[in-house]
>>> print(open('input_29.txt').read())   # compact mmCIF, C-alpha atoms
# COMPACT_ATOMS: atom_id res chain seq x y z
CA MET A 752 20.41 -25.30 24.74
CA LYS A 753 23.35 -27.03 26.37
CA PHE A 754 22.70 -28.81 29.62
CA PHE A 755 23.56 -26.88 32.75
CA GLU A 756 26.56 -29.13 33.46
CA ASP A 757 28.11 -28.33 30.08
CA ILE A 758 28.04 -24.56 30.50
CA ALA A 759 31.34 -22.97 31.56
CA ILE A 760 31.76 -19.61 33.22
CA GLY A 761 33.54 -17.26 30.82
CA GLU A 762 31.97 -18.88 27.75
CA ARG A 763 31.07 -16.25 25.18
CA ALA A 764 28.92 -16.27 22.05
CA GLU A 765 28.28 -13.81 19.28
CA LEU A 766 24.51 -13.70 18.85
CA GLY A 767 24.27 -11.80 15.58
CA ARG A 768 23.85 -8.26 14.38
CA GLN A 769 21.07 -5.93 13.34
CA THR A 770 21.08 -2.73 11.32
CA PHE A 771 18.41 -0.34 12.60
CA THR A 772 16.49 1.27 9.73
CA ALA A 773 14.30 4.37 10.07
CA GLY A 774 11.30 2.16 9.27
CA ASP A 775 12.09 -0.34 12.06
CA ILE A 776 12.74 2.45 14.56
CA LYS A 777 9.48 4.26 13.79
CA ALA A 778 7.40 1.06 13.72
CA PHE A 779 8.57 0.04 17.21
CA ALA A 780 8.23 3.55 18.60
CA GLY A 781 4.76 3.97 17.13
CA ARG A 782 3.59 0.97 19.12
CA PHE A 783 5.64 1.19 22.30
CA ASP A 784 7.57 4.42 22.72
CA PRO A 785 5.87 7.25 20.85
CA GLN A 786 8.32 10.01 21.74
CA LEU A 787 9.07 12.39 18.89
CA PHE A 788 12.82 11.68 18.77
CA HIS A 789 11.98 8.05 17.92
CA LEU A 790 9.31 8.97 15.34
CA ASP A 791 10.23 12.07 13.40
CA GLU A 792 13.58 13.05 11.87
CA ALA A 793 13.07 16.82 12.16
CA ALA A 794 11.92 16.67 15.79
CA ALA A 795 14.79 14.30 16.62
CA ALA A 796 17.30 16.75 15.11
CA ARG A 797 16.07 19.40 17.56
CA SER A 798 16.16 17.01 20.57
CA HIS A 799 19.05 16.16 22.90
CA PHE A 800 19.72 13.11 20.67
CA GLY A 801 20.36 15.23 17.56
CA ALA A 802 18.96 12.65 15.12
CA LEU A 803 16.36 9.87 14.88
CA CYS A 804 17.30 7.02 17.20
CA ALA A 805 15.80 3.76 18.42
CA SER A 806 13.81 3.32 21.61
CA GLY A 807 16.01 1.68 24.22
CA TRP A 808 13.35 -1.01 24.55
CA HIS A 809 13.72 -1.69 20.84
CA THR A 810 17.48 -2.18 21.22
CA ALA A 811 16.77 -4.61 24.07
CA ALA A 812 14.01 -6.50 22.21
CA VAL A 813 16.34 -7.11 19.26
CA TRP A 814 18.74 -8.82 21.67
CA MET A 815 15.91 -11.20 22.61
CA ARG A 816 15.23 -12.05 18.97
CA LEU A 817 18.89 -12.70 18.20
CA MET A 818 19.27 -14.78 21.36
CA VAL A 819 16.28 -16.98 20.40
CA GLU A 820 17.63 -17.40 16.85
CA HIS A 821 21.12 -18.19 18.15
CA GLN A 822 19.78 -20.89 20.49
CA ARG A 823 17.68 -22.30 17.65
CA ARG A 824 20.74 -22.61 15.37
CA GLU A 825 22.76 -24.19 18.17
CA ASP A 826 19.99 -26.69 18.94
CA ALA A 827 19.65 -27.61 15.25
CA ALA A 828 23.40 -28.29 15.12
CA ARG A 829 23.14 -30.47 18.25
CA ARG A 830 20.33 -32.49 16.72
CA GLU A 831 22.41 -33.01 13.58
CA ARG A 832 25.18 -34.40 15.76
CA ASN A 833 22.63 -36.58 17.60
CA GLU A 834 23.30 -34.75 20.84
CA PRO A 835 20.52 -34.20 23.36
CA VAL A 836 19.08 -30.71 23.63
CA ALA A 837 18.38 -29.17 27.04
CA GLU A 838 15.36 -27.04 27.73
CA LEU A 839 15.83 -23.35 28.41
CA GLY A 840 13.39 -22.37 31.15
CA PRO A 841 11.77 -19.05 31.94
CA SER A 842 13.82 -16.02 32.86
CA PRO A 843 13.13 -14.51 36.28
CA GLY A 844 14.35 -11.14 35.02
CA PHE A 845 17.22 -8.80 34.32
CA ARG A 846 19.38 -6.35 36.14
CA ASP A 847 21.58 -3.36 35.47
CA LEU A 848 20.35 -2.54 32.00
CA LYS A 849 22.33 0.41 30.66
CA TRP A 850 21.68 2.35 27.49
CA LEU A 851 25.18 3.64 26.90
CA LYS A 852 24.83 5.43 23.56
CA PRO A 853 21.87 6.17 21.28
CA VAL A 854 21.31 3.78 18.35
CA TYR A 855 20.85 5.99 15.27
CA VAL A 856 19.36 5.17 11.87
CA GLY A 857 21.79 2.96 9.96
CA ASP A 858 23.73 1.83 13.04
CA THR A 859 24.59 -1.87 13.10
CA VAL A 860 24.62 -3.41 16.56
CA ASN A 861 26.54 -6.62 17.24
CA TYR A 862 25.12 -8.52 20.19
CA ALA A 863 27.07 -10.96 22.35
CA MET A 864 26.61 -12.80 25.62
CA GLU A 865 29.00 -14.19 28.20
CA ILE A 866 28.30 -16.60 31.04
CA ILE A 867 29.32 -14.93 34.29
CA GLU A 868 27.71 -17.21 36.88
CA ALA A 869 26.16 -20.68 37.01
CA ARG A 870 24.68 -22.50 39.98
CA PRO A 871 22.16 -25.27 40.64
CA SER A 872 18.70 -23.87 41.40
CA ASN A 873 17.58 -24.23 45.02
CA SER A 874 13.91 -23.72 44.24
CA ARG A 875 13.66 -25.97 41.16
CA PRO A 876 15.32 -29.36 41.36
CA GLY A 877 16.46 -30.51 37.93
CA TRP A 878 17.34 -26.98 36.88
CA GLY A 879 20.38 -24.72 37.03
CA LEU A 880 20.43 -20.96 37.03
CA ILE A 881 22.80 -19.18 34.66
CA THR A 882 23.68 -15.50 34.67
CA LEU A 883 24.71 -13.82 31.41
CA ARG A 884 26.26 -10.47 30.65
CA ASN A 885 24.74 -9.25 27.40
CA THR A 886 26.18 -6.47 25.29
CA GLY A 887 25.45 -4.64 22.06
CA VAL A 888 28.26 -2.77 20.31
CA ASN A 889 27.80 -0.49 17.29
CA GLN A 890 29.86 -0.45 14.07
CA LYS A 891 32.31 2.05 15.63
CA GLY A 892 33.03 -0.34 18.50
CA GLU A 893 31.00 1.72 20.99
CA PRO A 894 28.89 -0.22 23.51
CA VAL A 895 25.26 0.90 23.19
CA ILE A 896 23.54 -1.50 25.61
CA SER A 897 24.57 -3.85 28.39
CA PHE A 898 22.58 -5.85 30.89
CA VAL A 899 22.74 -8.94 33.04
CA SER A 900 20.12 -11.63 32.57
CA VAL A 901 19.28 -14.78 34.45
CA ALA A 902 17.71 -17.96 33.05
CA PHE A 903 16.86 -21.47 34.13
CA VAL A 904 18.56 -24.28 32.19
CA GLU A 905 17.76 -27.97 32.44
CA ARG A 906 20.24 -30.24 34.24
CA ARG A 907 21.18 -33.70 33.01
CA ARG A 908 19.01 -36.32 34.66
CA VAL A 909 20.83 -38.08 37.45
CA ALA A 910 19.68 -41.53 36.35
CA GLY A 911 21.20 -40.62 33.02
CA LYS A 912 19.54 -43.40 31.03
CA ASP A 913 18.43 -41.02 28.29
CA ARG A 914 21.73 -39.27 27.87
CA ALA A 915 23.30 -39.43 24.45
CA MET B 714 6.80 16.58 33.12
CA LYS B 715 7.00 18.35 36.47
CA PHE B 716 10.21 20.16 37.26
CA PHE B 717 12.68 18.26 39.39
CA GLU B 718 12.02 20.53 42.40
CA ASP B 719 8.29 19.70 42.35
CA ILE B 720 8.75 15.94 42.48
CA ALA B 721 8.32 14.36 45.92
CA ILE B 722 9.66 11.01 47.04
CA GLY B 723 6.75 8.65 47.60
CA GLU B 724 4.64 10.24 44.88
CA ARG B 725 2.72 7.59 42.98
CA ALA B 726 0.82 7.61 39.70
CA GLU B 727 -1.40 5.11 37.94
CA LEU B 728 -0.16 4.99 34.34
CA GLY B 729 -3.02 3.06 32.76
CA ARG B 730 -3.88 -0.49 31.89
CA GLN B 731 -3.62 -2.84 28.93
CA THR B 732 -5.44 -6.05 28.11
CA PHE B 733 -3.14 -8.44 26.26
CA THR B 734 -4.89 -10.09 23.30
CA ALA B 735 -3.63 -13.19 21.50
CA GLY B 736 -3.07 -11.00 18.44
CA ASP B 737 -0.91 -8.49 20.32
CA ILE B 738 1.09 -11.25 22.00
CA LYS B 739 1.81 -13.07 18.75
CA ALA B 740 2.61 -9.87 16.81
CA PHE B 741 5.24 -8.83 19.36
CA ALA B 742 6.66 -12.34 19.67
CA GLY B 743 6.83 -12.79 15.91
CA ARG B 744 9.12 -9.77 15.67
CA PHE B 745 11.12 -9.94 18.89
CA ASP B 746 10.67 -13.18 20.85
CA PRO B 747 9.73 -16.04 18.53
CA GLN B 748 9.50 -18.76 21.15
CA LEU B 749 6.61 -21.16 20.64
CA PHE B 750 4.90 -20.44 23.97
CA HIS B 751 4.48 -16.82 22.80
CA LEU B 752 3.30 -17.76 19.29
CA ASP B 753 1.17 -20.89 19.31
CA GLU B 754 -1.65 -21.86 21.70
CA ALA B 755 -1.15 -25.64 21.39
CA ALA B 756 2.60 -25.46 21.90
CA ALA B 757 2.11 -23.07 24.83
CA ALA B 758 -0.32 -25.52 26.46
CA ARG B 759 2.45 -28.15 26.44
CA SER B 760 5.10 -25.73 27.79
CA HIS B 761 5.97 -24.84 31.39
CA PHE B 762 3.65 -21.81 31.02
CA GLY B 763 0.58 -23.96 30.28
CA ALA B 764 -1.03 -21.40 27.94
CA LEU B 765 -0.15 -18.65 25.48
CA CYS B 766 1.53 -15.76 27.30
CA ALA B 767 3.26 -12.51 26.44
CA SER B 768 6.99 -12.06 26.00
CA GLY B 769 8.40 -10.39 29.09
CA TRP B 770 9.83 -7.70 26.82
CA HIS B 771 6.31 -7.04 25.55
CA THR B 772 5.05 -6.53 29.11
CA ALA B 773 7.91 -4.10 29.67
CA ALA B 774 7.41 -2.24 26.36
CA VAL B 775 3.73 -1.63 27.21
CA TRP B 776 4.89 0.11 30.41
CA MET B 777 6.93 2.47 28.22
CA ARG B 778 3.93 3.29 26.04
CA LEU B 779 1.67 3.96 29.01
CA MET B 780 4.34 6.06 30.70
CA VAL B 781 4.73 8.23 27.57
CA GLU B 782 0.95 8.64 27.27
CA HIS B 783 0.63 9.45 30.98
CA GLN B 784 3.29 12.18 30.74
CA ARG B 785 1.62 13.56 27.62
CA ARG B 786 -1.75 13.84 29.40
CA GLU B 787 -0.12 15.46 32.42
CA ASP B 788 1.75 17.95 30.23
CA ALA B 789 -1.43 18.84 28.34
CA ALA B 790 -3.17 19.51 31.67
CA ARG B 791 -0.25 21.72 32.77
CA ARG B 792 -0.43 23.73 29.55
CA GLU B 793 -4.17 24.22 30.06
CA ARG B 794 -3.40 25.63 33.51
CA ASN B 795 -0.66 27.82 31.96
CA GLU B 796 1.97 26.02 33.98
CA PRO B 797 5.46 25.49 32.57
CA VAL B 798 6.35 21.99 31.40
CA ALA B 799 9.73 20.50 32.25
CA GLU B 800 11.67 18.35 29.83
CA LEU B 801 12.12 14.68 30.56
CA GLY B 802 15.63 13.72 29.51
CA PRO B 803 17.07 10.38 28.42
CA SER B 804 17.03 7.35 30.68
CA PRO B 805 20.42 5.86 31.51
CA GLY B 806 18.75 2.48 32.10
CA PHE B 807 16.94 0.36 34.61
CA ARG B 808 17.68 -2.22 37.23
CA ASP B 809 16.15 -5.22 38.94
CA LEU B 810 13.56 -6.09 36.33
CA LYS B 811 11.50 -9.03 37.58
CA TRP B 812 8.91 -11.01 35.66
CA LEU B 813 6.88 -12.28 38.57
CA LYS B 814 4.02 -14.10 36.81
CA PRO B 815 3.26 -14.87 33.17
CA VAL B 816 0.84 -12.51 31.38
CA TYR B 817 -1.73 -14.73 29.67
CA VAL B 818 -4.17 -13.94 26.85
CA GLY B 819 -6.95 -11.75 28.21
CA ASP B 820 -5.01 -10.58 31.28
CA THR B 821 -5.34 -6.88 32.04
CA VAL B 822 -2.24 -5.32 33.55
CA ASN B 823 -2.46 -2.10 35.55
CA TYR B 824 0.80 -0.17 35.52
CA ALA B 825 1.90 2.28 38.18
CA MET B 826 5.05 4.14 39.17
CA GLU B 827 6.34 5.56 42.41
CA ILE B 828 9.20 7.99 42.98
CA ILE B 829 11.71 6.34 45.31
CA GLU B 830 14.70 8.65 44.94
CA ALA B 831 15.46 12.12 43.58
CA ARG B 832 18.76 13.97 43.52
CA PRO B 833 20.42 16.73 41.51
CA SER B 834 22.60 15.34 38.72
CA ASN B 835 26.34 15.73 39.22
CA SER B 836 27.21 15.20 35.59
CA ARG B 837 24.51 17.43 34.04
CA PRO B 838 23.96 20.82 35.61
CA GLY B 839 20.37 21.93 35.19
CA TRP B 840 19.06 18.41 35.54
CA GLY B 841 17.91 16.14 38.34
CA LEU B 842 17.93 12.38 38.41
CA ILE B 843 14.79 10.58 39.55
CA THR B 844 14.45 6.91 40.37
CA LEU B 845 11.08 5.20 39.91
CA ARG B 846 9.76 1.85 41.02
CA ASN B 847 7.48 0.60 38.26
CA THR B 848 4.98 -2.19 38.67
CA GLY B 849 2.37 -4.05 36.65
CA VAL B 850 -0.41 -5.91 38.46
CA ASN B 851 -2.92 -8.20 36.76
CA GLN B 852 -6.71 -8.26 37.23
CA LYS B 853 -6.34 -10.73 40.13
CA GLY B 854 -4.07 -8.31 41.99
CA GLU B 855 -0.96 -10.36 41.26
CA PRO B 856 2.22 -8.42 40.42
CA VAL B 857 3.50 -9.56 37.00
CA ILE B 858 6.41 -7.17 36.48
CA SER B 859 8.47 -4.79 38.56
CA PHE B 860 11.58 -2.79 37.83
CA VAL B 861 13.43 0.31 38.87
CA SER B 862 14.13 2.97 36.26
CA VAL B 863 16.14 6.15 36.29
CA ALA B 864 15.53 9.31 34.28
CA PHE B 865 16.84 12.84 33.95
CA VAL B 866 14.34 15.63 34.64
CA GLU B 867 14.87 19.34 34.02
CA ARG B 868 15.41 21.65 37.02
CA ARG B 869 13.86 25.06 37.33
CA ARG B 870 16.23 27.76 36.10
CA VAL B 871 17.96 29.49 38.98
CA ALA B 872 17.31 32.96 37.55
CA GLY B 873 13.68 31.94 37.64
CA LYS B 874 12.43 34.69 35.35
CA ASP B 875 10.43 32.31 33.23
CA ARG B 876 8.74 30.48 36.06
CA ALA B 877 4.99 30.47 36.08
>>> encode(input="input_29.txt", output="structure tokens")
Amino acid sequence: MKFFEDIAIGERAELGRQTFTAGDIKAFAGRFDPQLFHLDEAAAARSHFGALCASGWHTAAVWMRLMVEHQRREDAARRERNEPVAELGPSPGFRDLKWLKPVYVGDTVNYAMEIIEARPSNSRPGWGLITLRNTGVNQKGEPVISFVSVAFVERRRVAGKDRA
Amino acid sequence: MKFFEDIAIGERAELGRQTFTAGDIKAFAGRFDPQLFHLDEAAAARSHFGALCASGWHTAAVWMRLMVEHQRREDAARRERNEPVAELGPSPGFRDLKWLKPVYVGDTVNYAMEIIEARPSNSRPGWGLITLRNTGVNQKGEPVISFVSVAFVERRRVAGKDRA
């Protein structure tokens, strides 16, 4: 992770993409959202969705995976450049999650995030609080998910002795 | 599901409980949130969490499972009483999701929901829109997750011929 001071509002990153297979959709739904339109093609065809589609929680969980992998790649690149790596703290939560379109079998969702707010944390000295708008867009360019997340990010130490 | 007209604001239901095992936590994290404090006990002990704990998305996904199972039990009971069963439509999303405390290995989370708003849908005739406050509380009585979700619920047909 970048340090809080190096994060600019408006900064955007592509996090990666995932194609949702019938197997992935059914495996997630079997464990966490066992509604028939996420589990069975014929039942899904008769439902308001019209075809097998992913649980909304599955679409959201894939964002988390791609975000973790994106940060990991970025941190590896920083280490290669001998730059310090900031710690990403816990997330207090999310707001305004919208499932805008169903994600059907074979859909490829491109996930991205944009920094929309950044401020020093009042409750945790040494940390900043960043707010991200996260989106997933399918292969037709249709947004399928959007939400706003908040996370703590480490600040540079004021003494600064261990800065690169 | 009850019909929209039979749902009262303030109505509350216990959805069920889940004990989070190390195996469950690591299986979810391995697929969707591969951060070390969700995957490895020793690394988690050194992290800000202090011990292995569940991905927040895992805690949320378990709510979904328990909600589906709760509705299924309720619908089965309605059918036994020869009462009609309303359709639960898609959820447009949720808001204000807060992870209030980590969920550690062995924690048992009790999930509940409460109806906080109900109104006829403007965009979909024949449907109502209900707003739920959802919570998960651990075995010490500490809230670990809360969020507000919205869902479409079928209205009774105006002609009413097929009412029970």
>>> residues_around(input="input_29.txt", residues="B:Gly743", least_positions_apart="2", cutoff="12 Å", atoms="only C-alpha atoms", output="list in words")
Ala812, Val813, Met815, Arg816, Val819 and Glu820 of chain A; Ala735, Gly736, Asp737, Ile738, Lys739, Ala740, Phe741, Phe745, Asp746, Pro747, Gln748, Leu749, Phe750, His751, Leu752, Asp753, Ala767, Ser768 and His771 of chain B
>>> residues_around(input="input_29.txt", residues="stretch 848-854 of chain B", least_positions_apart="2", cutoff="6 Å", atoms="only C-alpha atoms", output="JSON, numbers by chain")
{"B": [821, 822, 823, 824, 825, 856, 857, 858, 859]}
>>> write_last_selection(input="input_29.txt", atoms="C-alpha atoms", output="compact mmCIF listing (two decimals), keeping the file's coordinate frame")
# COMPACT_ATOMS: atom_id res chain seq x y z
CA THR B 821 -5.34 -6.88 32.04
CA VAL B 822 -2.24 -5.32 33.55
CA ASN B 823 -2.46 -2.10 35.55
CA TYR B 824 0.80 -0.17 35.52
CA ALA B 825 1.90 2.28 38.18
CA PRO B 856 2.22 -8.42 40.42
CA VAL B 857 3.50 -9.56 37.00
CA ILE B 858 6.41 -7.17 36.48
CA SER B 859 8.47 -4.79 38.56
>>> atom_distance(input="input_29.txt", atom1="atom CA of B:Ser804", atom2="atom CA of B:His783")
16.5 Å
>>> residues_around(input="input_29.txt", residues="B:Val863", least_positions_apart="5", cutoff="12 Å", atoms="all atoms listed in the file", output="list of chain:residue names")
A:Asp847, A:Leu848, A:Lys849, A:Trp850, B:Leu801, B:Gly802, B:Pro803, B:Ser804, B:Pro805, B:Gly806, B:Phe807, B:Arg808, B:Asp809, B:Met826, B:Glu827, B:Ile828, B:Ile829, B:Glu830, B:Ala831, B:Arg832, B:Ser834, B:Gly841, B:Leu842, B:Ile843, B:Thr844, B:Leu845, B:Arg846, B:Asn847
>>> write_last_selection(input="input_29.txt", atoms="C-alpha atoms", output="short mmCIF file (atom, residue, chain, number, x, y, z; two decimals), keeping the file's coordinate frame")
data_model
loop_
_atom_site.label_atom_id
_atom_site.label_comp_id
_atom_site.auth_asym_id
_atom_site.auth_seq_id
_atom_site.Cartn_x
_atom_site.Cartn_y
_atom_site.Cartn_z
CA ASP A 847 21.58 -3.36 35.47
CA LEU A 848 20.35 -2.54 32.00
CA LYS A 849 22.33 0.41 30.66
CA TRP A 850 21.68 2.35 27.49
CA LEU B 801 12.12 14.68 30.56
CA GLY B 802 15.63 13.72 29.51
CA PRO B 803 17.07 10.38 28.42
CA SER B 804 17.03 7.35 30.68
CA PRO B 805 20.42 5.86 31.51
CA GLY B 806 18.75 2.48 32.10
CA PHE B 807 16.94 0.36 34.61
CA ARG B 808 17.68 -2.22 37.23
CA ASP B 809 16.15 -5.22 38.94
CA MET B 826 5.05 4.14 39.17
CA GLU B 827 6.34 5.56 42.41
CA ILE B 828 9.20 7.99 42.98
CA ILE B 829 11.71 6.34 45.31
CA GLU B 830 14.70 8.65 44.94
CA ALA B 831 15.46 12.12 43.58
CA ARG B 832 18.76 13.97 43.52
CA SER B 834 22.60 15.34 38.72
CA GLY B 841 17.91 16.14 38.34
CA LEU B 842 17.93 12.38 38.41
CA ILE B 843 14.79 10.58 39.55
CA THR B 844 14.45 6.91 40.37
CA LEU B 845 11.08 5.20 39.91
CA ARG B 846 9.76 1.85 41.02
CA ASN B 847 7.48 0.60 38.26
#
>>> axis_aligned_box(input="input_29.txt", around="stretch 829-837 of chain A", padding_each_side="6 Å", output="lines of an AutoDock Vina configuration file")
center_x = 21.8
center_y = -32.9
center_z = 20.3
size_x = 18.8
size_y = 19.4
size_z = 25.5
>>> atom_distance(input="input_29.txt", atom1="atom CA of A:Phe771", atom2="atom CA of A:Val856")
5.6 Å
>>> atom_distance(input="input_29.txt", atom1="atom CA of A:Ala794", atom2="atom CA of B:Ala726")
27.9 Å
>>> closest_residue(input="input_29.txt", among="B:Gly723, B:Pro833, B:Pro815, B:Gly839", to="B:Trp770", atoms="only C-alpha atoms")
B:Pro815
>>> closest_residue(input="input_29.txt", among="B:Cys766, B:Met714, B:Ala773, B:Ala758", to="B:Asp788", atoms="all atoms listed in the file")
B:Met714
